[in-house]
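Structure below is protein.cif: mmCIF, C-alpha atoms and all ligand atoms.
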data_coords
#
loop_
_atom_site.label_atom_id
_atom_site.label_comp_id
_atom_site.auth_asym_id
_atom_site.auth_seq_id
_atom_site.Cartn_x
_atom_site.Cartn_y
_atom_site.Cartn_z
CA MET N 1 0.00 0.00 0.00
CA SER N 2 1.28 3.47 -0.85
CA PRO N 3 2.58 5.10 2.39
CA LYS N 4 0.62 8.31 1.74
CA ARG N 5 -2.71 6.52 1.74
CA LYS N 6 -4.75 6.03 4.91
CA LEU N 7 -6.36 2.80 5.99
CA ASN N 8 -9.88 3.54 4.79
CA PHE N 9 -12.59 1.78 6.83
CA SER N 10 -15.37 3.74 5.10
CA SER N 11 -18.64 1.91 4.50
CA GLY N 12 -18.92 3.31 0.98
CA PRO N 13 -17.68 4.82 -1.17
CA ALA N 14 -14.88 2.63 0.06
CA ALA N 15 -11.32 1.47 -0.51
CA LEU N 16 -10.59 0.24 -4.03
CA PRO N 17 -7.57 -1.83 -5.16
CA GLU N 18 -4.62 0.48 -5.81
CA ASP N 19 -3.82 -1.28 -9.08
CA VAL N 20 -7.31 -0.40 -10.28
CA LEU N 21 -6.88 3.25 -9.31
CA ARG N 22 -3.56 3.42 -11.19
CA ASN N 23 -5.07 1.86 -14.31
CA ALA N 24 -7.98 4.29 -14.10
CA GLN N 25 -5.56 7.18 -13.72
CA ALA N 26 -3.84 6.19 -16.96
CA ALA N 27 -7.16 5.53 -18.74
CA LEU N 28 -8.37 9.05 -17.91
CA LEU N 29 -5.78 10.34 -20.38
CA ASP N 30 -5.64 7.47 -22.81
CA LEU N 31 -7.95 4.45 -22.94
CA ASP N 32 -6.18 1.37 -24.32
CA GLY N 33 -3.84 3.40 -26.58
CA SER N 34 -6.75 5.14 -28.33
CA GLY N 35 -5.39 8.65 -27.62
CA ILE N 36 -8.69 9.58 -25.95
CA GLY N 37 -9.54 9.21 -22.26
CA ILE N 38 -12.34 7.01 -20.88
CA LEU N 39 -14.36 10.08 -19.82
CA GLU N 40 -14.11 11.48 -23.34
CA HIS N 41 -15.04 8.51 -25.51
CA SER N 42 -18.48 8.35 -27.09
CA HIS N 43 -20.58 5.62 -25.53
CA ARG N 44 -21.52 4.52 -29.07
CA GLY N 45 -17.89 4.17 -30.20
CA LYS N 46 -16.07 0.86 -30.57
CA GLU N 47 -13.66 1.65 -27.70
CA PHE N 48 -16.41 1.96 -25.12
CA GLY N 49 -18.21 -0.96 -26.78
CA ARG N 50 -15.19 -3.08 -25.93
CA VAL N 51 -15.17 -1.80 -22.33
CA LEU N 52 -18.83 -2.69 -21.86
CA GLU N 53 -18.39 -6.12 -23.40
CA ARG N 54 -15.28 -6.84 -21.32
CA THR N 55 -16.94 -5.72 -18.07
CA GLU N 56 -20.01 -7.85 -18.69
CA SER N 57 -18.03 -10.91 -19.70
CA LEU N 58 -15.73 -10.62 -16.65
CA ILE N 59 -18.78 -10.33 -14.37
CA ARG N 60 -20.28 -13.42 -15.98
CA GLU N 61 -17.04 -15.37 -15.70
CA VAL N 62 -16.17 -14.38 -12.13
CA GLY N 63 -19.78 -14.63 -10.90
CA ASN N 64 -20.43 -17.85 -12.82
CA ILE N 65 -23.54 -16.30 -14.34
CA GLY N 66 -25.24 -18.22 -17.14
CA SER N 67 -27.12 -16.95 -20.18
CA ASP N 68 -30.49 -17.27 -18.40
CA TYR N 69 -29.51 -14.18 -16.40
CA ALA N 70 -29.07 -10.65 -17.75
CA VAL N 71 -26.25 -8.43 -16.48
CA LEU N 72 -27.33 -4.79 -16.40
CA PHE N 73 -25.81 -1.45 -15.46
CA VAL N 74 -28.26 1.08 -14.09
CA THR N 75 -27.18 4.71 -13.72
CA ALA N 76 -28.43 5.06 -10.16
CA GLY N 77 -27.62 3.85 -6.68
CA ALA N 78 -29.24 0.94 -4.89
CA THR N 79 -31.94 3.22 -3.42
CA HIS N 80 -33.36 3.61 -6.91
CA HIS N 81 -34.21 -0.11 -6.92
CA PHE N 82 -36.19 0.19 -3.68
CA ALA N 83 -38.90 1.77 -5.86
CA MET N 84 -38.03 0.23 -9.23
CA VAL N 85 -38.43 -3.36 -8.00
CA PRO N 86 -42.06 -2.95 -6.81
CA GLN N 87 -42.89 -0.68 -9.75
CA ASN N 88 -41.80 -3.47 -12.10
CA PHE N 89 -43.05 -6.51 -10.25
CA LEU N 90 -45.74 -5.65 -7.71
CA GLY N 91 -49.08 -5.37 -9.48
CA ALA N 92 -52.57 -4.62 -8.20
CA GLY N 93 -53.94 -7.42 -6.02
CA GLU N 94 -50.46 -8.89 -5.42
CA THR N 95 -48.36 -8.96 -2.27
CA ALA N 96 -44.59 -8.84 -1.96
CA ASP N 97 -42.86 -10.32 1.10
CA TYR N 98 -39.97 -8.46 2.71
CA CYS N 99 -37.40 -9.53 5.30
CA ASP N 100 -36.71 -6.70 7.71
CA THR N 101 -33.11 -6.81 8.92
CA GLY N 102 -32.41 -3.15 9.54
CA ILE N 103 -32.21 0.30 8.06
CA TRP N 104 -31.73 -0.63 4.41
CA SER N 105 -34.49 -3.22 4.24
CA GLY N 106 -36.65 -0.73 6.19
CA LYS N 107 -36.16 1.81 3.43
CA ALA N 108 -36.94 -0.80 0.77
CA ILE N 109 -40.16 -1.70 2.62
CA GLU N 110 -41.17 1.95 2.91
CA GLU N 111 -40.73 2.49 -0.84
CA ALA N 112 -42.55 -0.71 -1.78
CA ARG N 113 -45.51 0.33 0.38
CA ARG N 114 -45.95 3.40 -1.81
CA VAL N 115 -46.46 1.04 -4.75
CA GLY N 116 -48.48 -1.90 -3.44
CA SER N 117 -49.19 -4.44 -0.75
CA VAL N 118 -46.24 -5.48 1.41
CA HIS N 119 -46.07 -8.26 3.98
CA VAL N 120 -43.14 -8.19 6.40
CA ALA N 121 -42.43 -11.91 6.63
CA CYS N 122 -39.71 -11.67 9.25
CA THR N 123 -37.89 -9.12 11.31
CA SER N 124 -34.80 -9.02 13.48
CA GLY N 125 -35.83 -5.73 15.09
CA PRO N 126 -35.63 -3.90 17.32
CA ALA N 127 -32.03 -5.01 18.09
CA TYR N 128 -31.18 -5.97 14.51
CA ASP N 129 -28.29 -8.09 15.75
CA ALA N 130 -29.14 -11.22 13.73
CA THR N 131 -30.78 -12.41 10.55
CA PRO N 132 -34.23 -13.89 11.25
CA VAL N 133 -34.50 -17.65 11.62
CA HIS N 134 -38.30 -17.88 11.25
CA GLN N 135 -40.31 -16.45 8.40
CA SER N 136 -44.06 -16.35 7.88
CA TRP N 137 -44.61 -16.01 4.15
CA SER N 138 -47.88 -14.67 2.74
CA ALA N 139 -50.12 -17.04 0.76
CA ALA N 140 -48.59 -16.39 -2.68
CA PRO N 141 -45.94 -13.67 -2.63
CA ARG N 142 -45.02 -12.07 -5.94
CA TYR N 143 -41.38 -11.98 -4.80
CA VAL N 144 -39.39 -12.07 -1.57
CA HIS N 145 -36.99 -9.23 -0.88
CA TYR N 146 -34.01 -9.44 1.48
CA THR N 147 -30.82 -7.49 2.11
CA SER N 148 -27.94 -9.96 2.04
CA ASN N 149 -25.70 -7.77 4.19
CA GLU N 150 -26.98 -5.07 6.53
CA THR N 151 -24.25 -2.44 6.20
CA ILE N 152 -25.26 -0.38 9.22
CA TYR N 153 -25.93 -3.05 11.86
CA GLY N 154 -23.26 -5.44 10.55
CA THR N 155 -25.31 -8.58 10.01
CA GLN N 156 -25.25 -10.90 6.99
CA TRP N 157 -27.38 -13.82 5.83
CA ALA N 158 -25.16 -16.91 5.92
CA ALA N 159 -27.31 -18.26 3.06
CA PRO N 160 -30.31 -16.77 1.25
CA PRO N 161 -33.72 -17.35 2.88
CA ARG N 162 -35.64 -20.34 1.50
CA ALA N 163 -38.65 -18.65 -0.01
CA PRO N 164 -41.78 -19.68 -1.89
CA ALA N 165 -41.25 -17.05 -4.64
CA PRO N 166 -38.40 -15.51 -6.66
CA LEU N 167 -35.87 -13.84 -4.38
CA VAL N 168 -34.96 -10.21 -4.91
CA CYS N 169 -31.75 -9.29 -3.13
CA ASP N 170 -30.16 -5.98 -2.22
CA ALA N 171 -26.52 -7.14 -2.31
CA SER N 172 -25.00 -3.67 -2.23
CA SER N 173 -22.58 -4.33 0.58
CA ASP N 174 -21.50 -7.91 -0.09
CA ILE N 175 -21.71 -8.43 -3.84
CA PHE N 176 -18.70 -10.40 -5.09
CA SER N 177 -17.26 -10.75 -1.58
CA ARG N 178 -17.79 -14.53 -1.66
CA PRO N 179 -19.16 -17.04 -4.21
CA LEU N 180 -22.46 -15.83 -5.61
CA SER N 181 -25.50 -18.01 -5.13
CA LEU N 182 -28.07 -17.34 -7.85
CA ASP N 183 -30.32 -20.21 -6.78
CA GLY N 184 -33.90 -19.05 -6.37
CA HIS N 185 -33.07 -15.46 -7.30
CA GLY N 186 -35.16 -13.44 -9.74
CA LEU N 187 -33.08 -10.31 -9.36
CA ILE N 188 -30.02 -9.07 -7.48
CA TYR N 189 -29.12 -5.39 -7.35
CA ALA N 190 -26.08 -3.73 -5.86
CA GLY N 191 -24.82 -0.18 -5.66
CA ALA N 192 -21.21 -0.34 -6.86
CA GLN N 193 -19.50 1.86 -4.28
CA LYS N 194 -18.36 -0.84 -1.85
CA ASN N 195 -16.96 -3.87 -3.64
CA LEU N 196 -17.25 -2.90 -7.28
CA GLY N 197 -16.40 0.70 -8.12
CA PRO N 198 -17.77 4.25 -7.90
CA SER N 199 -21.11 5.43 -6.53
CA GLY N 200 -24.05 6.34 -8.74
CA ILE N 201 -24.09 3.11 -10.71
CA SER N 202 -25.60 -0.23 -9.81
CA LEU N 203 -25.12 -3.72 -11.10
CA VAL N 204 -28.23 -5.81 -11.65
CA ILE N 205 -28.17 -9.55 -12.26
CA ALA N 206 -31.64 -10.77 -13.15
CA ARG N 207 -33.29 -13.81 -14.64
CA LYS N 208 -34.46 -12.97 -18.13
CA ASP N 209 -37.80 -14.70 -17.62
CA PHE N 210 -38.35 -12.74 -14.39
CA ILE N 211 -37.60 -9.43 -16.12
CA ALA N 212 -40.15 -10.38 -18.78
CA THR N 213 -42.90 -10.52 -16.15
CA GLY N 214 -42.36 -6.84 -15.22
CA SER N 215 -44.78 -3.99 -15.92
CA LYS N 216 -44.80 -2.44 -19.39
CA ASP N 217 -46.60 0.67 -18.15
CA LEU N 218 -43.54 2.49 -16.88
CA PRO N 219 -41.18 5.00 -18.49
CA PRO N 220 -38.46 3.10 -20.37
CA LEU N 221 -35.69 3.86 -17.89
CA SER N 222 -37.83 2.51 -15.06
CA GLN N 223 -38.27 -0.89 -16.70
CA TYR N 224 -35.57 -3.54 -16.22
CA ARG N 225 -36.66 -4.82 -19.62
CA THR N 226 -35.23 -1.73 -21.33
CA TYR N 227 -31.77 -2.31 -19.87
CA ALA N 228 -31.89 -5.97 -20.90
CA ASP N 229 -33.19 -5.28 -24.41
CA GLU N 230 -30.81 -2.40 -25.10
CA LYS N 231 -27.68 -3.70 -23.34
CA SER N 232 -27.87 -0.90 -20.74
CA MET N 233 -27.49 1.62 -23.60
CA HIS N 234 -30.98 3.17 -23.88
CA ASN N 235 -29.30 6.44 -22.96
CA THR N 236 -25.71 7.40 -22.17
CA PRO N 237 -24.59 5.02 -19.43
CA ASN N 238 -22.11 5.87 -16.69
CA THR N 239 -19.19 4.97 -18.94
CA PHE N 240 -16.52 5.58 -16.29
CA GLY N 241 -18.44 3.48 -13.77
CA VAL N 242 -18.69 0.58 -16.21
CA TYR N 243 -14.95 0.88 -16.90
CA VAL N 244 -13.99 0.87 -13.20
CA ILE N 245 -16.27 -2.07 -12.42
CA GLY N 246 -14.53 -3.99 -15.21
CA GLU N 247 -11.12 -3.20 -13.73
CA VAL N 248 -12.24 -4.22 -10.23
CA VAL N 249 -13.68 -7.51 -11.45
CA ALA N 250 -10.49 -8.19 -13.46
CA TRP N 251 -8.59 -7.61 -10.19
CA ILE N 252 -10.88 -10.08 -8.37
CA LYS N 253 -10.24 -12.63 -11.11
CA ALA N 254 -6.47 -12.10 -10.83
CA GLN N 255 -6.67 -12.64 -7.05
CA GLY N 256 -8.19 -16.07 -7.67
CA GLY N 257 -11.90 -15.27 -7.95
CA LEU N 258 -14.79 -15.24 -5.51
CA ALA N 259 -13.79 -18.35 -3.55
CA VAL N 260 -10.46 -16.73 -2.69
CA MET N 261 -12.20 -13.42 -1.90
CA GLY N 262 -14.59 -15.25 0.43
CA GLU N 263 -11.77 -17.02 2.28
CA ARG N 264 -9.75 -13.84 2.60
CA ASN N 265 -12.70 -11.78 3.79
CA ALA N 266 -13.69 -14.40 6.36
CA ALA N 267 -10.10 -14.54 7.64
CA LYS N 268 -9.88 -10.72 7.90
CA ALA N 269 -13.18 -10.52 9.77
CA LYS N 270 -12.13 -13.33 12.13
CA ILE N 271 -9.11 -11.34 13.29
CA LEU N 272 -11.38 -8.57 14.56
CA TYR N 273 -14.23 -10.77 15.87
CA ASP N 274 -11.75 -12.93 17.80
CA PHE N 275 -10.35 -9.82 19.43
CA LEU N 276 -13.83 -8.48 20.28
CA ASP N 277 -14.77 -11.84 21.83
CA ARG N 278 -11.69 -11.69 24.08
CA SER N 279 -11.96 -8.03 24.98
CA ASN N 280 -13.44 -6.64 28.19
CA ALA N 281 -13.80 -3.13 26.81
CA TRP N 282 -15.10 -3.72 23.26
CA LYS N 283 -18.16 -5.73 22.31
CA GLY N 284 -19.40 -6.80 18.88
CA HIS N 285 -23.03 -6.06 18.00
CA ALA N 286 -24.00 -9.01 15.77
CA GLN N 287 -24.75 -12.48 17.10
CA PRO N 288 -22.13 -15.04 15.97
CA HIS N 289 -24.32 -16.86 13.41
CA SER N 290 -25.22 -13.57 11.67
CA ARG N 291 -21.92 -11.74 11.73
CA SER N 292 -21.05 -9.77 8.63
CA ILE N 293 -17.64 -10.32 7.10
CA MET N 294 -17.90 -6.89 5.47
CA ASN N 295 -19.07 -4.45 8.16
CA ILE N 296 -18.10 -5.17 11.75
CA THR N 297 -19.99 -3.06 14.26
CA PHE N 298 -18.98 -2.78 17.90
CA ARG N 299 -19.29 -0.61 21.00
CA GLY N 300 -16.86 0.50 23.66
CA ALA N 301 -17.60 0.06 27.38
CA THR N 302 -18.07 3.83 27.61
CA LYS N 303 -18.71 6.68 25.21
CA GLU N 304 -15.39 8.23 26.31
CA LEU N 305 -13.50 5.10 25.29
CA GLU N 306 -15.14 5.21 21.87
CA GLU N 307 -14.26 8.89 21.40
CA THR N 308 -10.65 8.33 22.54
CA MET N 309 -10.33 5.47 20.08
CA LEU N 310 -11.85 7.41 17.18
CA ALA N 311 -9.55 10.40 17.76
CA LEU N 312 -6.44 8.24 18.02
CA ALA N 313 -7.42 6.21 14.98
CA GLU N 314 -7.65 9.37 12.86
CA GLU N 315 -4.26 10.52 14.18
CA ARG N 316 -2.70 7.21 13.16
CA GLY N 317 -4.19 7.08 9.69
CA LEU N 318 -7.11 4.73 10.41
CA SER N 319 -10.03 6.56 8.86
CA GLY N 320 -13.82 6.11 8.72
CA LEU N 321 -14.41 4.06 11.87
CA ARG N 322 -17.30 6.04 13.35
CA GLY N 323 -20.52 3.99 13.33
CA HIS N 324 -23.52 5.12 11.30
CA ARG N 325 -25.25 8.13 12.82
CA SER N 326 -28.40 6.09 13.52
CA VAL N 327 -26.71 3.42 15.69
CA GLY N 328 -23.47 5.00 17.00
CA GLY N 329 -20.45 3.03 18.21
CA LEU N 330 -17.76 1.99 15.75
CA ARG N 331 -17.88 0.20 12.45
CA ALA N 332 -15.02 -1.29 10.48
CA SER N 333 -15.94 -1.82 6.85
CA ILE N 334 -13.45 -4.24 5.37
CA TYR N 335 -14.51 -4.90 1.81
CA ASN N 336 -12.52 -6.91 -0.76
CA ALA N 337 -9.83 -4.27 -1.31
CA PHE N 338 -9.21 -3.62 2.38
CA PRO N 339 -5.88 -5.19 3.44
CA ALA N 340 -5.54 -7.72 6.29
CA GLU N 341 -2.69 -5.59 7.62
CA GLY N 342 -5.21 -2.82 8.30
CA VAL N 343 -7.32 -5.13 10.46
CA HIS N 344 -4.24 -6.07 12.50
CA ARG N 345 -3.44 -2.37 12.98
CA LEU N 346 -7.00 -1.74 14.16
CA VAL N 347 -6.86 -4.60 16.66
CA GLU N 348 -3.52 -3.35 18.01
CA LEU N 349 -4.95 0.11 18.58
CA LEU N 350 -8.16 -1.18 20.18
CA ASP N 351 -6.02 -3.27 22.50
CA GLU N 352 -3.79 -0.32 23.38
CA VAL N 353 -6.80 1.86 24.15
CA GLU N 354 -8.34 -0.91 26.27
CA ARG N 355 -5.16 -1.21 28.31
CA GLY N 356 -4.95 2.56 28.63
CA ARG N 357 -1.56 2.59 27.00
CA ALA N 358 -2.38 4.65 23.92
C1 LIG Z 1 -27.36 -2.48 1.76
C2 LIG Z 1 -27.49 -1.12 1.13
N1 LIG Z 1 -28.54 -0.86 0.34
C3 LIG Z 1 -28.70 0.33 -0.23
C4 LIG Z 1 -27.79 1.35 -0.06
C5 LIG Z 1 -28.02 2.67 -0.72
O1 LIG Z 1 -27.16 2.84 -1.79
P1 LIG Z 1 -27.14 4.16 -2.66
O2 LIG Z 1 -26.69 5.26 -1.75
O3 LIG Z 1 -26.18 3.83 -3.74
O4 LIG Z 1 -28.52 4.40 -3.17
C6 LIG Z 1 -26.69 1.13 0.75
C7 LIG Z 1 -25.73 2.24 0.94
O5 LIG Z 1 -24.71 2.37 1.21
C8 LIG Z 1 -26.53 -0.14 1.37
O6 LIG Z 1 -25.48 -0.38 2.16
#

Spit out the file's structure as structure tokens when you get a sec.
Ligand SMILES: Cc1ncc(COP(=O)(O)O)c(C=O)c1O
Amino acid sequence: MSPKRKLNFSSGPAALPEDVLRNAQAALLDLDGSGIGILEHSHRGKEFGRVLERTESLIREVGNIGSDYAVLFVTAGATHHFAMVPQNFLGAGETADYCDTGIWSGKAIEEARRVGSVHVACTSGPAYDATPVHQSWSAAPRYVHYTSNETIYGTQWAAPPRAPAPLVCDASSDIFSRPLSLDGHGLIYAGAQKNLGPSGISLVIARKDFIATGSKDLPPLSQYRTYADEKSMHNTPNTFGVYVIGEVVAWIKAQGGLAVMGERNAAKAKILYDFLDRSNAWKGHAQPHSRSIMNITFRGATKELEETMLALAEERGLSGLRGHRSVGGLRASIYNAFPAEGVHRLVELLDEVERGRA
């Protein structure tokens, strides 16, 4: 890691691989020897055409995604899909089931309720320290929505819920952090700014036959069908975002793919969870069976301890550890590109603060 760069624990936008940033730096001036930078190329030109094709084919290869699924790039964050999913799939007289595991699924539920009938099939509230074990599905849900990783509370589904309808997953904060399970899924959406690239663009992986069941009574850019039919090129896409995602996925492939990512991420998270389990001053929020390997949330014994730790961390180049404003405490977001060395440095500092030596 370059010595000038801080250890960035931000929950997103978040740390990206340095090799990717260097390639992007060069591509800003000159994409693939074309003499024109990535931000300057027409989206209809052959150079960007190659970028789009390469990004999609790398996503398919690394994610092991077959031709029954479409790979789409939507110029919007994950929040956009909170409304777009029910607008497309939740018709009059139908009910969609939602799993409530925290703030993000809460927002998805709120948006879906504006569109149609929603049944909350399970909840882990009010503590939101686990993913729910029991679900009570409605009679015939149109789809079942869940958030695979709750970025704010730091919980993660170990495996997708077993549901009686196509699953729709908000995978914003754990996409491509471990092998992807498409089983039972109609649609997966993910904002790119954690594991994949810049903010303001989302990746959608959706079954083609599920997309086909969506409403045709929406503006074109609100229909998943349009992105699938027009290869995400109905209008000018976020060309730079597509480029960076391609570079990040190429980096994942070079690291050994999603299985290696999953092992590495689990090992990184274990370093911190093991420390929290031993500590008398710091306590993890999530219950062991629901612990996120991406966002680790924890509290100090006192508010003063937390503030001391946060101030010292900033001084020592460990940035972005303050917990989300709605839950407080600390949160270490350790996505794919975050180095194991950074987790060791965090544990050392937490230990020093606990012993009053810092
Ligand atoms: C799980 C999850 N869903 C949705 C969002 C919202 O994403 P965006 O700000 O890109 O709309 C986030 C944000 O960070 C998130 O962590």

Applying 12 Å and only C-alpha atoms, which residues near segment 36-51 of chain N remain after dropping the ones on its own chain fewer than 6 positions away? List them as a PDB file with C-alpha atoms, keeping the file's coordinate frame.
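Output saved as selection_31.pdb:
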ATOM      1  CA  ASN N  23      -5.070   1.860 -14.310  1.00  0.00           C
ATOM      2  CA  ALA N  24      -7.980   4.290 -14.100  1.00  0.00           C
ATOM      3  CA  GLN N  25      -5.560   7.180 -13.720  1.00  0.00           C
ATOM      4  CA  ALA N  26      -3.840   6.190 -16.960  1.00  0.00           C
ATOM      5  CA  ALA N  27      -7.160   5.530 -18.740  1.00  0.00           C
ATOM      6  CA  LEU N  28      -8.370   9.050 -17.910  1.00  0.00           C
ATOM      7  CA  LEU N  29      -5.780  10.340 -20.380  1.00  0.00           C
ATOM      8  CA  ASP N  30      -5.640   7.470 -22.810  1.00  0.00           C
ATOM      9  CA  SER N  57     -18.030 -10.910 -19.700  1.00  0.00           C
ATOM     10  CA  LEU N  58     -15.730 -10.620 -16.650  1.00  0.00           C
ATOM     11  CA  LYS N 231     -27.680  -3.700 -23.340  1.00  0.00           C
ATOM     12  CA  SER N 232     -27.870  -0.900 -20.740  1.00  0.00           C
ATOM     13  CA  MET N 233     -27.490   1.620 -23.600  1.00  0.00           C
ATOM     14  CA  HIS N 234     -30.980   3.170 -23.880  1.00  0.00           C
ATOM     15  CA  ASN N 235     -29.300   6.440 -22.960  1.00  0.00           C
ATOM     16  CA  THR N 236     -25.710   7.400 -22.170  1.00  0.00           C
ATOM     17  CA  PRO N 237     -24.590   5.020 -19.430  1.00  0.00           C
ATOM     18  CA  ASN N 238     -22.110   5.870 -16.690  1.00  0.00           C
ATOM     19  CA  THR N 239     -19.190   4.970 -18.940  1.00  0.00           C
ATOM     20  CA  PHE N 240     -16.520   5.580 -16.290  1.00  0.00           C
ATOM     21  CA  GLY N 241     -18.440   3.480 -13.770  1.00  0.00           C
ATOM     22  CA  VAL N 242     -18.690   0.580 -16.210  1.00  0.00           C
ATOM     23  CA  TYR N 243     -14.950   0.880 -16.900  1.00  0.00           C
ATOM     24  CA  VAL N 244     -13.990   0.870 -13.200  1.00  0.00           C
ATOM     25  CA  ILE N 245     -16.270  -2.070 -12.420  1.00  0.00           C
ATOM     26  CA  GLY N 246     -14.530  -3.990 -15.210  1.00  0.00           C
ATOM     27  CA  GLU N 247     -11.120  -3.200 -13.730  1.00  0.00           C
ATOM     28  CA  ALA N 250     -10.490  -8.190 -13.460  1.00  0.00           C
TER      29      ALA N 250
END

Enumerate, in order of chain and increasing residue number, the residues of chain N with an atom no farther than 8 Å from ligand LIG 1 (chain Z), each with its shortest atom pair and distance in Å to one decimal, counting all atoms listed in the file, as a tab-separated table.
residue	atom	partner	partner_atom	distance
N:Ser11	CA	Z:LIG1	O5	6.9
N:Gly12	CA	Z:LIG1	O5	5.9
N:Pro13	CA	Z:LIG1	O5	7.8
N:Ala76	CA	Z:LIG1	O3	6.9
N:Gly77	CA	Z:LIG1	O3	3.3
N:Ala78	CA	Z:LIG1	O4	3.9
N:Thr79	CA	Z:LIG1	O4	3.6
N:His80	CA	Z:LIG1	O4	6.2
N:Trp104	CA	Z:LIG1	N1	5.2
N:Ser105	CA	Z:LIG1	N1	7.5
N:Thr147	CA	Z:LIG1	C1	6.1
N:Ser148	CA	Z:LIG1	C1	7.5
N:Asn149	CA	Z:LIG1	C1	6.1
N:Glu150	CA	Z:LIG1	C1	5.4
N:Thr151	CA	Z:LIG1	O6	4.7
N:Ile152	CA	Z:LIG1	O6	7.1
N:Asp170	CA	Z:LIG1	N1	5.9
N:Ala171	CA	Z:LIG1	C1	6.2
N:Ser172	CA	Z:LIG1	C1	4.8
N:Ser173	CA	Z:LIG1	O6	5.1
N:Ala190	CA	Z:LIG1	N1	7.3
N:Gly191	CA	Z:LIG1	O3	4.6
N:Ala192	CA	Z:LIG1	O3	7.2
N:Gln193	CA	Z:LIG1	O3	7.0
N:Lys194	CA	Z:LIG1	O5	7.7
N:Ser199	CA	Z:LIG1	O3	6.0
N:Gly200	CA	Z:LIG1	O3	6.0
N:Ile201	CA	Z:LIG1	O3	7.3
N:Ser202	CA	Z:LIG1	O3	7.3

Could you check which of N:Val120, N:Ala165, N:Ala127, N:Ala92 is closest to Ala140 of chain N, using all atoms listed in the file?
N:Ala165

Leaving out Glu314 of chain N and any residue of its chain fewer than 6 positions from it, which residues lie within 12 Å of it when counting only C-alpha atoms, given as a short mmCIF file (atom, residue, chain, number, x, y, z; two decimals) with C-alpha atoms, keeping the file's coordinate frame?
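Produced file out30.cif, reproduced below:
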data_model
loop_
_atom_site.label_atom_id
_atom_site.label_comp_id
_atom_site.auth_asym_id
_atom_site.auth_seq_id
_atom_site.Cartn_x
_atom_site.Cartn_y
_atom_site.Cartn_z
CA LYS N 6 -4.75 6.03 4.91
CA LEU N 7 -6.36 2.80 5.99
CA ASN N 8 -9.88 3.54 4.79
CA PHE N 9 -12.59 1.78 6.83
CA GLU N 307 -14.26 8.89 21.40
CA THR N 308 -10.65 8.33 22.54
CA GLY N 320 -13.82 6.11 8.72
CA LEU N 321 -14.41 4.06 11.87
CA ARG N 322 -17.30 6.04 13.35
CA LEU N 346 -7.00 -1.74 14.16
CA LEU N 349 -4.95 0.11 18.58
#

So, with all atoms listed in the file as the atoms that count, which of N:Gly317, N:Gly197, N:Pro126, N:Gly116 lies closest to Ala337 of chain N?
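Among N:Gly317, N:Gly197, N:Pro126, N:Gly116, it is N:Gly197 that comes nearest to Ala337 of chain N.
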
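Remark: for Leu72 of chain N, the closest of the candidate residues N:Thr155, N:Thr226, N:Thr95, N:Ser34 is N:Thr226 (distances computed over only C-alpha atoms).
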
So the first atom is atom CA of Thr131 of chain N and the second is atom CA of Pro179 of chain N; what is the distance between them in Å, to one decimal place?
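Spanning atom CA of Thr131 of chain N to atom CA of Pro179 of chain N is a straight-line distance of 19.3 Å.
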
Quick one: of N:Gly356, N:Pro86, N:Pro219, N:Gly256, who's nearest to Glu110 of chain N, counting only C-alpha atoms?
N:Pro86

For Asn265 of chain N, list every protein, DNA or RNA residue within 10 Å, evaluated using all atoms listed in the file, and leave out those in the same chain fewer than 3 positions away; present the list as a PyMOL selection string.
chain N and resi 177-178+259-262+268-270+292-294+334-340

Looking at N:Pro17, N:Glu348, N:Leu52, N:Ser10, which one is nearest to Ser333 of chain N, with distances taken over only C-alpha atoms?
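Closest to Ser333 of chain N of all the choices is N:Ser10.
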
From the list N:Ala332, N:Leu310, N:Gly323, N:Arg316, which residue is nearest Arg5 of chain N when using all atoms listed in the file?
N:Arg316

Residues within 7 Å of Thr123 of chain N, all atoms listed in the file, excluding chain neighbours under 5 positions, as a list in words
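Everything that qualifies: Cys99, Asp100, Thr101 and Pro132 of chain N.
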
Between atom CA of His185 of chain N and atom CA of Tyr227 of chain N lies a distance of 18.2 Å

What's the 9 Å shell around Trp282 of chain N, counting all atoms listed in the file, without same-chain residues fewer than 6 positions away, as a list of chain:residue names?
N:Phe275, N:Leu276, N:Phe298, N:Arg299, N:Gly300, N:Ala301, N:Leu350, N:Glu354

Put those residues in a file: C-alpha atoms, as an mmCIF file, keeping the file's coordinate frame.
data_model
loop_
_atom_site.group_PDB
_atom_site.id
_atom_site.type_symbol
_atom_site.label_atom_id
_atom_site.label_comp_id
_atom_site.auth_asym_id
_atom_site.auth_seq_id
_atom_site.Cartn_x
_atom_site.Cartn_y
_atom_site.Cartn_z
ATOM 1 C CA PHE N 275 -10.350 -9.820 19.430
ATOM 2 C CA LEU N 276 -13.830 -8.480 20.280
ATOM 3 C CA PHE N 298 -18.980 -2.780 17.900
ATOM 4 C CA ARG N 299 -19.290 -0.610 21.000
ATOM 5 C CA GLY N 300 -16.860 0.500 23.660
ATOM 6 C CA ALA N 301 -17.600 0.060 27.380
ATOM 7 C CA LEU N 350 -8.160 -1.180 20.180
ATOM 8 C CA GLU N 354 -8.340 -0.910 26.270
#

Would you work out the distance separating atom CA of Arg162 of chain N from atom CA of Arg60 of chain N, expressed in Å to one decimal?
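According to the coordinates, atom CA of Arg162 of chain N and atom CA of Arg60 of chain N are separated by 24.3 Å.
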